[in-house]
>>> print(open('upload.txt').read())   # compact mmCIF, C-alpha atoms
# COMPACT_ATOMS: atom_id res chain seq x y z
CA MET A 1 -17.63 161.29 155.12
CA ALA A 2 -16.43 158.28 153.18
CA ARG A 3 -18.52 156.10 155.45
CA ALA A 4 -21.56 158.16 154.48
CA ALA A 5 -21.07 157.01 150.91
CA VAL A 6 -22.49 153.59 151.79
CA LEU A 7 -25.30 154.85 153.99
CA GLY A 8 -28.82 155.03 152.67
CA ARG A 9 -30.35 153.47 149.62
CA LEU A 10 -28.09 152.89 146.65
CA ILE A 11 -29.98 154.32 143.71
CA TRP A 12 -29.46 153.46 140.06
CA ARG A 13 -27.68 156.28 138.25
CA VAL A 14 -27.20 156.77 134.53
CA ALA A 15 -23.56 156.52 133.50
CA GLU A 16 -22.40 158.08 130.24
CA VAL A 17 -19.28 156.66 128.69
CA ALA A 18 -16.84 159.58 128.44
CA ALA A 19 -13.75 157.70 127.26
CA LEU A 20 -12.55 154.19 126.51
CA VAL A 21 -9.02 152.99 127.21
CA PRO A 22 -7.84 149.63 125.82
CA GLU A 23 -5.58 148.00 128.41
CA THR A 24 -4.87 144.56 126.93
CA ALA A 25 -6.34 142.44 124.14
CA ARG A 26 -9.26 141.54 126.37
CA VAL A 27 -9.33 144.29 128.97
CA ARG A 28 -10.75 147.76 128.56
CA SER A 29 -11.27 150.69 130.91
CA LEU A 30 -14.51 152.65 130.73
CA VAL A 31 -14.32 156.22 132.00
CA LEU A 32 -17.80 157.25 133.11
CA ASP A 33 -19.62 160.52 133.74
CA LEU A 34 -22.14 160.18 136.54
CA GLU A 35 -24.55 162.69 137.94
CA GLU A 36 -24.14 163.34 141.66
CA TRP A 37 -21.68 160.55 142.33
CA PRO A 38 -21.44 160.40 146.15
CA GLY A 39 -17.75 159.51 146.06
CA HIS A 40 -16.08 156.22 146.86
CA ARG A 41 -13.14 154.71 148.67
CA ALA A 42 -10.35 152.88 146.88
CA GLY A 43 -11.24 149.19 146.76
CA GLN A 44 -15.00 149.58 146.44
CA HIS A 45 -17.12 148.28 143.55
CA VAL A 46 -20.32 149.10 141.69
CA ASP A 47 -23.21 147.15 140.22
CA VAL A 48 -23.81 147.66 136.50
CA ARG A 49 -27.26 147.03 135.01
CA LEU A 50 -27.82 146.66 131.28
CA THR A 51 -31.29 146.73 129.74
CA ALA A 52 -32.13 145.30 126.31
CA GLU A 53 -34.80 146.85 124.09
CA ASP A 54 -37.37 144.28 125.18
CA GLY A 55 -36.76 145.09 128.85
CA TYR A 56 -34.50 142.12 129.61
CA GLN A 57 -31.90 143.10 132.20
CA ALA A 58 -28.57 141.77 133.39
CA GLN A 59 -26.56 142.91 136.40
CA ARG A 60 -22.91 142.42 137.27
CA SER A 61 -20.48 143.81 139.84
CA TYR A 62 -17.27 145.58 138.74
CA SER A 63 -14.45 147.06 140.77
CA ILE A 64 -13.66 150.74 140.53
CA ALA A 65 -10.19 151.42 139.09
CA SER A 66 -10.10 155.17 139.66
CA PRO A 67 -9.02 156.81 142.91
CA ALA A 68 -11.43 158.55 145.22
CA GLU A 69 -10.25 162.00 144.12
CA ASP A 70 -11.17 161.55 140.43
CA GLU A 71 -14.38 163.22 139.34
CA ARG A 72 -15.08 160.47 136.86
CA VAL A 73 -15.47 156.82 137.77
CA THR A 74 -13.37 154.33 135.82
CA LEU A 75 -14.22 150.65 135.58
CA THR A 76 -11.68 148.23 134.14
CA VAL A 77 -13.37 145.16 132.71
CA GLU A 78 -11.96 141.88 131.45
CA ARG A 79 -13.88 140.10 128.70
CA LEU A 80 -14.97 136.59 129.66
CA GLU A 81 -15.42 134.62 126.43
CA ASP A 82 -18.67 133.04 127.60
CA GLY A 83 -19.77 136.17 129.44
CA GLU A 84 -23.04 137.99 129.00
CA VAL A 85 -22.11 141.50 130.13
CA SER A 86 -18.32 141.79 129.86
CA PRO A 87 -18.16 141.24 126.04
CA TYR A 88 -20.63 144.09 125.66
CA LEU A 89 -18.60 146.43 127.88
CA VAL A 90 -15.24 145.47 126.35
CA ASP A 91 -16.20 145.20 122.66
CA GLU A 92 -19.47 146.99 121.93
CA VAL A 93 -19.77 150.11 124.05
CA VAL A 94 -18.77 153.37 122.35
CA VAL A 95 -18.21 156.84 123.80
CA GLY A 96 -21.57 158.48 124.49
CA ASP A 97 -23.38 155.23 125.32
CA HIS A 98 -25.38 154.96 128.53
CA PHE A 99 -26.02 152.27 131.08
CA GLU A 100 -27.10 152.14 134.69
CA LEU A 101 -24.86 151.82 137.70
CA ARG A 102 -25.21 151.95 141.47
CA GLY A 103 -22.69 152.15 144.24
CA PRO A 104 -20.24 152.47 145.78
CA ILE A 105 -20.54 149.05 147.42
CA GLY A 106 -18.43 147.23 149.97
CA GLY A 107 -16.95 148.72 153.11
CA HIS A 108 -14.40 146.03 153.92
CA PHE A 109 -11.68 145.87 151.27
CA VAL A 110 -10.89 149.58 151.19
CA TRP A 111 -7.85 151.71 151.73
CA GLU A 112 -7.38 155.39 152.46
CA THR A 113 -4.18 157.29 153.11
CA GLY A 114 -5.21 157.64 156.75
CA ILE A 115 -4.98 153.86 157.16
CA GLY A 116 -1.26 154.15 156.44
CA GLY A 117 1.29 151.75 155.01
CA PRO A 118 3.45 150.16 153.85
CA LEU A 119 1.21 148.15 151.54
CA LEU A 120 1.74 144.84 149.81
CA LEU A 121 -0.89 144.44 147.11
CA VAL A 122 -1.21 141.04 145.45
CA ALA A 123 -3.69 140.25 142.69
CA GLY A 124 -4.40 137.75 139.96
CA GLY A 125 -5.83 138.85 136.61
CA SER A 126 -8.67 141.37 136.87
CA GLY A 127 -8.20 141.32 140.64
CA ILE A 128 -5.69 144.10 139.98
CA VAL A 129 -8.51 146.60 139.39
CA PRO A 130 -9.37 147.55 143.01
CA LEU A 131 -5.64 147.62 143.76
CA MET A 132 -5.17 150.16 140.96
CA ALA A 133 -7.65 152.42 142.73
CA ILE A 134 -5.46 152.13 145.82
CA VAL A 135 -2.20 152.77 143.94
CA ARG A 136 -3.75 155.74 142.10
CA HIS A 137 -5.00 157.17 145.38
CA ARG A 138 -2.40 159.49 146.88
CA PRO A 139 0.61 157.20 146.87
CA PRO A 140 1.57 155.82 150.25
CA LEU A 141 5.15 155.93 151.48
CA GLU A 142 5.69 152.50 150.09
CA ALA A 143 3.51 150.17 148.07
CA ARG A 144 4.56 147.00 146.34
CA CYS A 145 2.25 145.55 143.76
CA ARG A 146 2.38 142.05 142.35
CA CYS A 147 -0.07 140.85 139.75
CA GLY A 148 -0.25 137.55 137.95
CA SER A 149 -1.83 137.22 134.52
CA SER A 150 -2.34 134.38 132.10
CA ILE A 151 -1.82 136.70 129.14
CA PRO A 152 0.83 139.30 128.38
CA PRO A 153 -0.46 142.85 128.33
CA ALA A 154 -0.87 144.28 124.82
CA ARG A 155 0.06 147.67 126.17
CA SER A 156 1.13 148.09 129.73
CA LYS A 157 -0.35 151.07 131.49
CA THR A 158 1.30 150.72 134.85
CA MET B 1 -37.86 153.65 133.93
CA PRO B 2 -34.59 151.90 133.09
CA ILE B 3 -32.68 153.19 130.14
CA VAL B 4 -31.99 150.90 127.22
CA SER B 5 -28.34 150.06 126.65
CA ARG B 6 -27.78 150.47 122.92
CA GLY B 7 -27.01 147.17 121.25
CA PHE B 8 -27.31 145.04 124.37
CA ARG B 9 -29.22 141.82 123.73
CA GLY B 10 -28.22 139.68 126.65
CA ARG B 11 -28.64 135.99 127.03
CA ARG B 12 -32.11 134.73 127.79
CA ARG B 13 -32.53 131.89 130.23
CA ASP B 14 -33.76 128.56 128.99
CA ASP B 15 -37.16 127.37 130.17
CA GLY B 16 -35.76 124.97 132.73
CA GLU B 17 -34.48 127.87 134.81
CA SER B 18 -37.40 130.24 134.55
CA GLY B 19 -38.94 130.97 137.92
CA ARG B 20 -35.91 129.63 139.77
CA VAL B 21 -33.50 132.52 139.29
CA PRO B 22 -34.16 135.67 141.37
CA PRO B 23 -34.01 139.13 139.76
CA GLY B 24 -30.53 140.39 138.89
CA GLN B 25 -28.97 136.91 139.15
CA TYR B 26 -27.38 134.66 136.51
CA THR B 27 -26.63 130.95 136.75
CA VAL B 28 -23.19 129.37 136.92
CA ASP B 29 -22.01 125.78 136.52
CA ASP B 30 -18.82 126.25 138.53
CA PHE B 31 -18.71 127.16 142.22
CA PRO B 32 -17.15 130.61 142.70
CA VAL B 33 -15.17 131.25 145.89
CA LEU B 34 -15.41 134.62 147.64
CA SER B 35 -14.06 135.16 151.12
CA ALA B 36 -13.36 138.23 153.23
CA GLY B 37 -10.15 136.76 154.61
CA PRO B 38 -7.82 133.76 154.56
CA THR B 39 -9.22 130.23 154.68
CA PRO B 40 -8.95 128.81 158.19
CA HIS B 41 -7.91 125.18 158.69
CA THR B 42 -9.14 124.04 162.08
CA PRO B 43 -8.10 120.45 162.88
CA LEU B 44 -11.17 118.30 163.46
CA ASP B 45 -9.96 117.25 166.92
CA GLN B 46 -10.07 120.93 167.91
CA TRP B 47 -13.35 121.69 166.16
CA THR B 48 -16.47 122.27 168.25
CA PHE B 49 -19.93 123.59 167.53
CA THR B 50 -21.58 125.69 170.25
CA VAL B 51 -25.08 127.02 170.78
CA GLU B 52 -24.81 129.87 173.27
CA GLY B 53 -26.08 133.33 174.10
CA GLU B 54 -29.47 133.79 175.72
CA VAL B 55 -29.93 130.12 176.56
CA ALA B 56 -30.57 128.36 179.86
CA GLU B 57 -27.39 126.36 179.34
CA PRO B 58 -24.99 126.49 176.38
CA LYS B 59 -24.51 123.27 174.41
CA GLN B 60 -21.31 122.15 172.70
CA TRP B 61 -20.54 119.26 170.37
CA SER B 62 -17.17 117.85 169.34
CA TRP B 63 -16.70 116.88 165.67
CA GLU B 64 -17.31 113.26 166.57
CA GLU B 65 -20.47 114.08 168.50
CA PHE B 66 -21.65 116.31 165.68
CA GLN B 67 -21.18 113.54 163.13
CA ALA B 68 -23.32 111.27 165.29
CA LEU B 69 -26.30 113.65 165.04
CA PRO B 70 -29.02 112.79 162.53
CA SER B 71 -28.09 114.35 159.18
CA GLU B 72 -29.91 114.73 155.90
CA THR B 73 -29.20 115.27 152.23
CA ILE B 74 -30.51 118.58 150.93
CA THR B 75 -30.76 119.73 147.30
CA LYS B 76 -31.31 123.48 146.93
CA ASP B 77 -30.65 126.44 144.65
CA ILE B 78 -28.21 128.98 146.10
CA HIS B 79 -27.92 132.70 145.34
CA CYS B 80 -24.85 134.88 145.97
CA VAL B 81 -25.27 138.64 146.32
CA THR B 82 -22.44 139.07 143.79
CA LYS B 83 -25.07 137.92 141.20
CA TRP B 84 -24.35 134.24 140.62
CA SER B 85 -26.89 131.55 141.37
CA LYS B 86 -26.18 127.84 141.32
CA LEU B 87 -29.09 125.46 140.87
CA ASP B 88 -29.56 122.02 142.40
CA THR B 89 -26.62 122.02 144.80
CA THR B 90 -26.57 118.93 147.03
CA TRP B 91 -25.40 119.09 150.63
CA GLU B 92 -25.22 116.87 153.65
CA GLY B 93 -25.77 118.40 157.05
CA VAL B 94 -27.54 118.59 160.37
CA SER B 95 -30.74 120.60 160.56
CA VAL B 96 -30.51 123.61 162.86
CA ASP B 97 -33.76 122.31 164.36
CA VAL B 98 -31.83 119.31 165.71
CA LEU B 99 -29.27 121.63 167.36
CA LEU B 100 -31.80 124.00 168.90
CA GLU B 101 -33.73 121.11 170.44
CA GLU B 102 -30.84 120.79 172.85
CA VAL B 103 -31.19 124.23 174.42
CA GLU B 104 -33.90 126.05 176.29
CA HIS B 105 -34.33 129.57 174.99
CA ASP B 106 -36.70 132.38 174.18
CA ALA B 107 -34.61 134.04 171.45
CA ALA B 108 -35.86 135.74 168.29
CA TYR B 109 -32.52 136.15 166.45
CA VAL B 110 -29.28 134.28 165.95
CA THR B 111 -25.76 135.34 165.09
CA ALA B 112 -23.68 132.66 163.43
CA PHE B 113 -20.02 132.93 164.42
CA CYS B 114 -17.07 131.43 162.60
CA ASP B 115 -13.37 130.72 162.54
CA GLY B 116 -11.66 133.90 161.37
CA GLY B 117 -14.13 136.15 163.18
CA TYR B 118 -16.87 136.29 160.54
CA THR B 119 -20.43 136.72 161.79
CA THR B 120 -23.86 136.98 160.20
CA ASN B 121 -27.26 137.63 161.73
CA LEU B 122 -30.58 135.94 161.01
CA PRO B 123 -34.08 135.89 162.46
CA LEU B 124 -34.61 132.64 164.36
CA GLU B 125 -37.61 131.78 162.20
CA ASP B 126 -35.30 131.73 159.16
CA VAL B 127 -33.14 128.98 160.60
CA THR B 128 -35.92 126.77 162.04
CA ASP B 129 -38.62 124.50 160.61
CA GLY B 130 -36.33 122.89 158.07
CA LYS B 131 -34.94 126.10 156.56
CA ALA B 132 -31.29 125.87 157.67
CA TRP B 133 -28.55 123.33 158.20
CA VAL B 134 -24.96 123.04 159.36
CA ALA B 135 -23.53 121.35 156.26
CA PHE B 136 -20.34 119.29 156.23
CA GLY B 137 -20.77 117.53 152.90
CA TYR B 138 -21.11 118.84 149.35
CA ASP B 139 -21.87 116.75 146.27
CA GLY B 140 -21.15 113.50 148.12
CA GLU B 141 -17.75 114.60 149.43
CA PRO B 142 -16.55 116.28 152.63
CA LEU B 143 -17.02 120.04 152.30
CA GLU B 144 -13.77 121.59 151.06
CA PRO B 145 -12.16 124.33 153.17
CA GLU B 146 -12.49 126.93 150.38
CA HIS B 147 -16.25 126.36 150.40
CA GLY B 148 -16.46 126.56 154.19
CA GLY B 149 -15.35 123.12 155.36
CA PRO B 150 -15.27 121.42 157.72
CA ALA B 151 -18.75 122.89 158.21
CA ARG B 152 -20.75 125.88 157.04
CA LEU B 153 -24.19 127.22 157.70
CA LEU B 154 -26.64 126.57 154.84
CA VAL B 155 -29.60 128.96 154.61
CA PRO B 156 -30.44 128.65 150.92
CA HIS B 157 -33.49 130.94 150.88
CA LEU B 158 -31.33 133.98 151.74
CA TYR B 159 -28.31 135.46 149.91
CA PHE B 160 -25.38 133.15 150.43
CA TRP B 161 -23.32 135.45 152.67
CA LYS B 162 -25.82 134.37 155.35
CA SER B 163 -24.62 130.77 154.85
CA ALA B 164 -21.52 131.46 156.91
CA LYS B 165 -18.41 129.46 156.05
CA TRP B 166 -16.34 127.79 158.80
CA VAL B 167 -19.22 128.18 161.23
CA ARG B 168 -18.46 127.28 164.82
CA GLY B 169 -21.68 128.14 166.57
CA LEU B 170 -24.90 130.04 166.93
CA ARG B 171 -25.46 132.82 169.45
CA LEU B 172 -29.14 133.15 170.36
CA MET B 173 -30.33 136.69 171.03
CA SER B 174 -33.54 138.57 171.77
CA GLU B 175 -32.47 141.56 169.60
CA ASP B 176 -31.17 141.61 166.02
CA GLU B 177 -27.55 142.68 165.68
CA PRO B 178 -25.74 143.29 162.37
CA GLY B 179 -23.01 140.81 161.48
CA PHE B 180 -19.87 141.39 159.41
CA TRP B 181 -21.28 142.32 156.00
CA GLU B 182 -24.47 143.67 157.53
CA SER B 183 -22.28 146.32 159.24
CA LEU B 184 -20.54 147.13 155.94
CA GLY B 185 -23.42 148.09 153.70
CA TYR B 186 -25.21 144.80 153.12
CA HIS B 187 -28.86 144.15 153.93
CA MET B 188 -29.89 142.93 157.39
CA TYR B 189 -32.18 140.21 155.97
CA GLY B 190 -31.03 139.45 152.40
CA ASP B 191 -34.01 137.96 150.54
CA PRO B 192 -32.85 137.32 146.95
CA TRP B 193 -36.42 137.37 145.60
CA ARG B 194 -36.85 140.94 146.87
CA GLU B 195 -33.29 141.86 145.85
CA GLN B 196 -32.34 142.89 149.38
CA ARG B 197 -28.67 143.28 148.57
CA TYR B 198 -27.65 146.48 150.31
CA TRP B 199 -28.80 148.87 153.02
CA GLY B 200 -32.08 150.46 152.00
CA ASP B 201 -33.00 147.84 149.37
>>> encode(input="upload.txt", output="structure tokens")
Amino acid sequence: MARAAVLGRLIWRVAEVAALVPETARVRSLVLDLEEWPGHRAGQHVDVRLTAEDGYQAQRSYSIASPAEDERVTLTVERLEDGEVSPYLVDEVVVGDHFELRGPIGGHFVWETGIGGPLLLVAGGSGIVPLMAIVRHRPPLEARCRCGSSIPPARSKT
Amino acid sequence: MPIVSRGFRGRRRDDGESGRVPPGQYTVDDFPVLSAGPTPHTPLDQWTFTVEGEVAEPKQWSWEEFQALPSETITKDIHCVTKWSKLDTTWEGVSVDVLLEEVEHDAAYVTAFCDGGYTTNLPLEDVTDGKAWVAFGYDGEPLEPEHGGPARLLVPHLYFWKSAKWVRGLRLMSEDEPGFWESLGYHMYGDPWREQRYWGD
């Protein structure tokens, strides 16, 4: 079933921003409503495509932060100061905005409860995002999570 | 018909890059590192490069023998499926043509195999006639382990996951067989100009 999620063509879907959650001074989570989301496995990512009024487009990949059982898909994005897409997602997007997304992508770095534990999850910076999808998935017997960051969190969520 | 993202302007490319960056890609000045596993460190005295599979007789080179092969300096643009492209990267390596001269074969496909178990598949015609190299130098220096050193495959006209890091040989085959990422949702061929990122693209 989960394997089927990566089979076939990955079509672009319209995502509607349902909620925005500030995580730190430069990190924000975007909770998205998607039509007919095929489901994903913890650890997978999506491609986001933004289109300007003149048709110019930019694509980036972002990890999914929400567990497989959530109906909505959450992306947690860190703003890169010289970035093209992340400043838009972190600073400009408001609830109700739309952009395109396709996925889920990546069948290697995934975890499901059936794989078992214990888990040691180690991340640096925004690398924590796919690990959050794993931790938020039905908790394993034991999971230890270590994350390094160059900035203190403004408001710790975890 | 793509939907417009309210308020998104984006950053237009300057003229120097137009026509050189495939759709959906952006250029970087640094050299991002993405690997599916830990970085192997094979000592050079244990390193070999092998051409095997459907060949009359397999051929193997030691590091020393490999260094003695004719090499060339190549400057190419590279394109990673994770969206970054890097223009004018300069490599030193041995053309795959030089390696395949040493074996008798009738193959149509190759699988590159690597330290750590990584594999990737390519049509033979995409690694011959000056289209692919086994590179051991980058920017005038020995290729660093995090970028695939001591040697990586370099197939710049395809997405860069085809340019397998830590390559140790080529397996020649009559049939195409998916490699590591090709088994996990990524495209069998991977042409950046046709945006062949994932299955079905």
>>> interface_residues(input="upload.txt", of="chain A", to="chain B", cutoff="10 Å", atoms="only C-alpha atoms", output="count of residues only")
45
>>> atom_distance(input="upload.txt", atom1="CA of Gln67 (chain B)", atom2="CA of Pro156 (chain B)")
21.5 Å
>>> residues_near_point(input="upload.txt", point="(-26.4, 141.0, 157.6)", cutoff="12 Å", atoms="all atoms listed in the file", output="ChimeraX atom specification")
/B:81,109-112,118-123,158-164,176-191,196-199
>>> residues_around(input="upload.txt", residues="Leu131 (chain A)", least_positions_apart="3", cutoff="10 Å", atoms="all atoms listed in the file", output="PyMOL selection string")
chain A and resi 42-44+63-67+109-111+120-123+126-128+134-137+145-147
>>> closest_atom_pairs(input="upload.txt", of="region 55-102 of chain A", to="region 15-27 of chain A", cutoff="10 Å", atoms="all atoms listed in the file", output="JSON lines")
{"residue": "A:Arg72", "atom": "CA", "partner": "A:Ala18", "partner_atom": "CA", "distance": 8.6}
{"residue": "A:Val73", "atom": "CA", "partner": "A:Ala15", "partner_atom": "CA", "distance": 9.2}
{"residue": "A:Thr74", "atom": "CA", "partner": "A:Ala19", "partner_atom": "CA", "distance": 9.2}
{"residue": "A:Leu75", "atom": "CA", "partner": "A:Leu20", "partner_atom": "CA", "distance": 9.9}
{"residue": "A:Thr76", "atom": "CA", "partner": "A:Val27", "partner_atom": "CA", "distance": 6.9}
{"residue": "A:Val77", "atom": "CA", "partner": "A:Val27", "partner_atom": "CA", "distance": 5.6}
{"residue": "A:Glu78", "atom": "CA", "partner": "A:Val27", "partner_atom": "CA", "distance": 4.3}
{"residue": "A:Arg79", "atom": "CA", "partner": "A:Arg26", "partner_atom": "CA", "distance": 5.4}
{"residue": "A:Leu80", "atom": "CA", "partner": "A:Arg26", "partner_atom": "CA", "distance": 8.2}
{"residue": "A:Glu81", "atom": "CA", "partner": "A:Arg26", "partner_atom": "CA", "distance": 9.3}
{"residue": "A:Ser86", "atom": "CA", "partner": "A:Val27", "partner_atom": "CA", "distance": 9.4}
{"residue": "A:Pro87", "atom": "CA", "partner": "A:Arg26", "partner_atom": "CA", "distance": 8.9}
{"residue": "A:Leu89", "atom": "CA", "partner": "A:Val27", "partner_atom": "CA", "distance": 9.6}
{"residue": "A:Val90", "atom": "CA", "partner": "A:Val27", "partner_atom": "CA", "distance": 6.6}
{"residue": "A:Asp91", "atom": "CA", "partner": "A:Arg26", "partner_atom": "CA", "distance": 8.7}
{"residue": "A:Val93", "atom": "CA", "partner": "A:Val17", "partner_atom": "CA", "distance": 8.0}
{"residue": "A:Val94", "atom": "CA", "partner": "A:Val17", "partner_atom": "CA", "distance": 7.2}
{"residue": "A:Val95", "atom": "CA", "partner": "A:Val17", "partner_atom": "CA", "distance": 5.0}
{"residue": "A:Gly96", "atom": "CA", "partner": "A:Val17", "partner_atom": "CA", "distance": 5.1}
{"residue": "A:Asp97", "atom": "CA", "partner": "A:Val17", "partner_atom": "CA", "distance": 5.5}
{"residue": "A:His98", "atom": "CA", "partner": "A:Glu16", "partner_atom": "CA", "distance": 4.6}
{"residue": "A:Phe99", "atom": "CA", "partner": "A:Ala15", "partner_atom": "CA", "distance": 5.5}
{"residue": "A:Glu100", "atom": "CA", "partner": "A:Ala15", "partner_atom": "CA", "distance": 5.8}
{"residue": "A:Leu101", "atom": "CA", "partner": "A:Ala15", "partner_atom": "CA", "distance": 6.4}
{"residue": "A:Arg102", "atom": "CA", "partner": "A:Ala15", "partner_atom": "CA", "distance": 9.3}
>>> atom_distance(input="upload.txt", atom1="CA of Ala68 (chain A)", atom2="CA of Gly116 (chain A)")
15.8 Å
>>> atom_distance(input="upload.txt", atom1="CA of Pro22 (chain B)", atom2="CA of Ala132 (chain B)")
19.2 Å
>>> residues_around(input="upload.txt", residues="Val21 (chain B)", least_positions_apart="4", cutoff="12 Å", atoms="only C-alpha atoms", output="list in words")
Arg12, Arg13, Asp14, Asp15, Gly16, Glu17, Gln25, Tyr26, Thr27, Val28, Asp77, Ile78, His79, Cys80, Lys83, Trp84, Ser85, Lys86, Leu87, Asp88, His157, Pro192, Trp193, Arg194 and Glu195 of chain B
>>> axis_aligned_box(input="upload.txt", around="region 121-132 of chain A", padding_each_side="6 Å", output="AutoDock Vina command-line options")
--center_x -5.1 --center_y 144.0 --center_z 141.9 --size_x 20.5 --size_y 24.4 --size_z 22.5
>>> residues_around(input="upload.txt", residues="Pro150 (chain B)", least_positions_apart="5", cutoff="7 Å", atoms="only C-alpha atoms", output="NGL selection string")
:B and (136 or 143-145 or 166)
>>> write_last_selection(input="upload.txt", atoms="C-alpha atoms", output="CSV table (one decimal), keeping the file's coordinate frame")
chain,number,residue,atom,x,y,z
B,136,PHE,CA,-20.3,119.3,156.2
B,143,LEU,CA,-17.0,120.0,152.3
B,144,GLU,CA,-13.8,121.6,151.1
B,145,PRO,CA,-12.2,124.3,153.2
B,166,TRP,CA,-16.3,127.8,158.8
>>> residues_around(input="upload.txt", residues="region 47-62 of chain B", least_positions_apart="3", cutoff="12 Å", atoms="only C-alpha atoms", output="compact mmCIF listing (two decimals) with C-alpha atoms, in the coordinates of the input")
# COMPACT_ATOMS: atom_id res chain seq x y z
CA PRO B 40 -8.95 128.81 158.19
CA HIS B 41 -7.91 125.18 158.69
CA THR B 42 -9.14 124.04 162.08
CA PRO B 43 -8.10 120.45 162.88
CA LEU B 44 -11.17 118.30 163.46
CA GLU B 65 -20.47 114.08 168.50
CA PHE B 66 -21.65 116.31 165.68
CA GLN B 67 -21.18 113.54 163.13
CA ALA B 68 -23.32 111.27 165.29
CA LEU B 69 -26.30 113.65 165.04
CA VAL B 94 -27.54 118.59 160.37
CA VAL B 96 -30.51 123.61 162.86
CA ASP B 97 -33.76 122.31 164.36
CA VAL B 98 -31.83 119.31 165.71
CA LEU B 99 -29.27 121.63 167.36
CA LEU B 100 -31.80 124.00 168.90
CA GLU B 101 -33.73 121.11 170.44
CA GLU B 102 -30.84 120.79 172.85
CA VAL B 103 -31.19 124.23 174.42
CA GLU B 104 -33.90 126.05 176.29
CA HIS B 105 -34.33 129.57 174.99
CA ASP B 106 -36.70 132.38 174.18
CA ALA B 107 -34.61 134.04 171.45
CA ALA B 108 -35.86 135.74 168.29
CA TYR B 109 -32.52 136.15 166.45
CA VAL B 110 -29.28 134.28 165.95
CA THR B 111 -25.76 135.34 165.09
CA ALA B 112 -23.68 132.66 163.43
CA PHE B 113 -20.02 132.93 164.42
CA CYS B 114 -17.07 131.43 162.60
CA ASP B 115 -13.37 130.72 162.54
CA VAL B 134 -24.96 123.04 159.36
CA GLY B 149 -15.35 123.12 155.36
CA PRO B 150 -15.27 121.42 157.72
CA ALA B 151 -18.75 122.89 158.21
CA ARG B 152 -20.75 125.88 157.04
CA LEU B 153 -24.19 127.22 157.70
CA TRP B 166 -16.34 127.79 158.80
CA VAL B 167 -19.22 128.18 161.23
CA ARG B 168 -18.46 127.28 164.82
CA GLY B 169 -21.68 128.14 166.57
CA LEU B 170 -24.90 130.04 166.93
CA ARG B 171 -25.46 132.82 169.45
CA LEU B 172 -29.14 133.15 170.36
CA MET B 173 -30.33 136.69 171.03
CA SER B 174 -33.54 138.57 171.77
CA GLU B 175 -32.47 141.56 169.60
>>> decode(input="upload.txt", residues="region 129-140 of chain A", atoms="N, CA and C atoms", output="compact mmCIF listing (two decimals), in the first residue's frame")
# COMPACT_ATOMS: atom_id res chain seq x y z
N VAL A 129 13.31 17.76 10.04
CA VAL A 129 11.92 17.69 9.55
C VAL A 129 11.48 16.25 9.22
N PRO A 130 12.22 15.49 8.40
CA PRO A 130 11.75 14.12 8.14
C PRO A 130 11.76 13.25 9.40
N LEU A 131 12.64 13.59 10.35
CA LEU A 131 12.67 12.82 11.60
C LEU A 131 11.43 13.12 12.43
N MET A 132 10.91 14.36 12.32
CA MET A 132 9.67 14.68 13.05
C MET A 132 8.50 13.85 12.53
N ALA A 133 8.51 13.60 11.21
CA ALA A 133 7.44 12.74 10.67
C ALA A 133 7.54 11.35 11.27
N ILE A 134 8.77 10.90 11.51
CA ILE A 134 8.97 9.57 12.10
C ILE A 134 8.53 9.57 13.57
N VAL A 135 8.94 10.60 14.31
CA VAL A 135 8.60 10.67 15.74
C VAL A 135 7.08 10.81 15.92
N ARG A 136 6.45 11.57 14.99
CA ARG A 136 5.00 11.80 15.11
C ARG A 136 4.19 10.60 14.63
N HIS A 137 4.82 9.73 13.86
CA HIS A 137 4.20 8.48 13.48
C HIS A 137 4.04 7.70 14.79
N ARG A 138 3.15 6.71 14.81
CA ARG A 138 2.94 6.00 16.07
C ARG A 138 4.27 5.74 16.77
N PRO A 139 4.42 6.25 17.99
CA PRO A 139 5.76 6.22 18.59
C PRO A 139 6.27 4.78 18.74
N PRO A 140 7.52 4.57 18.40
CA PRO A 140 8.11 3.26 18.60
C PRO A 140 8.37 3.03 20.08
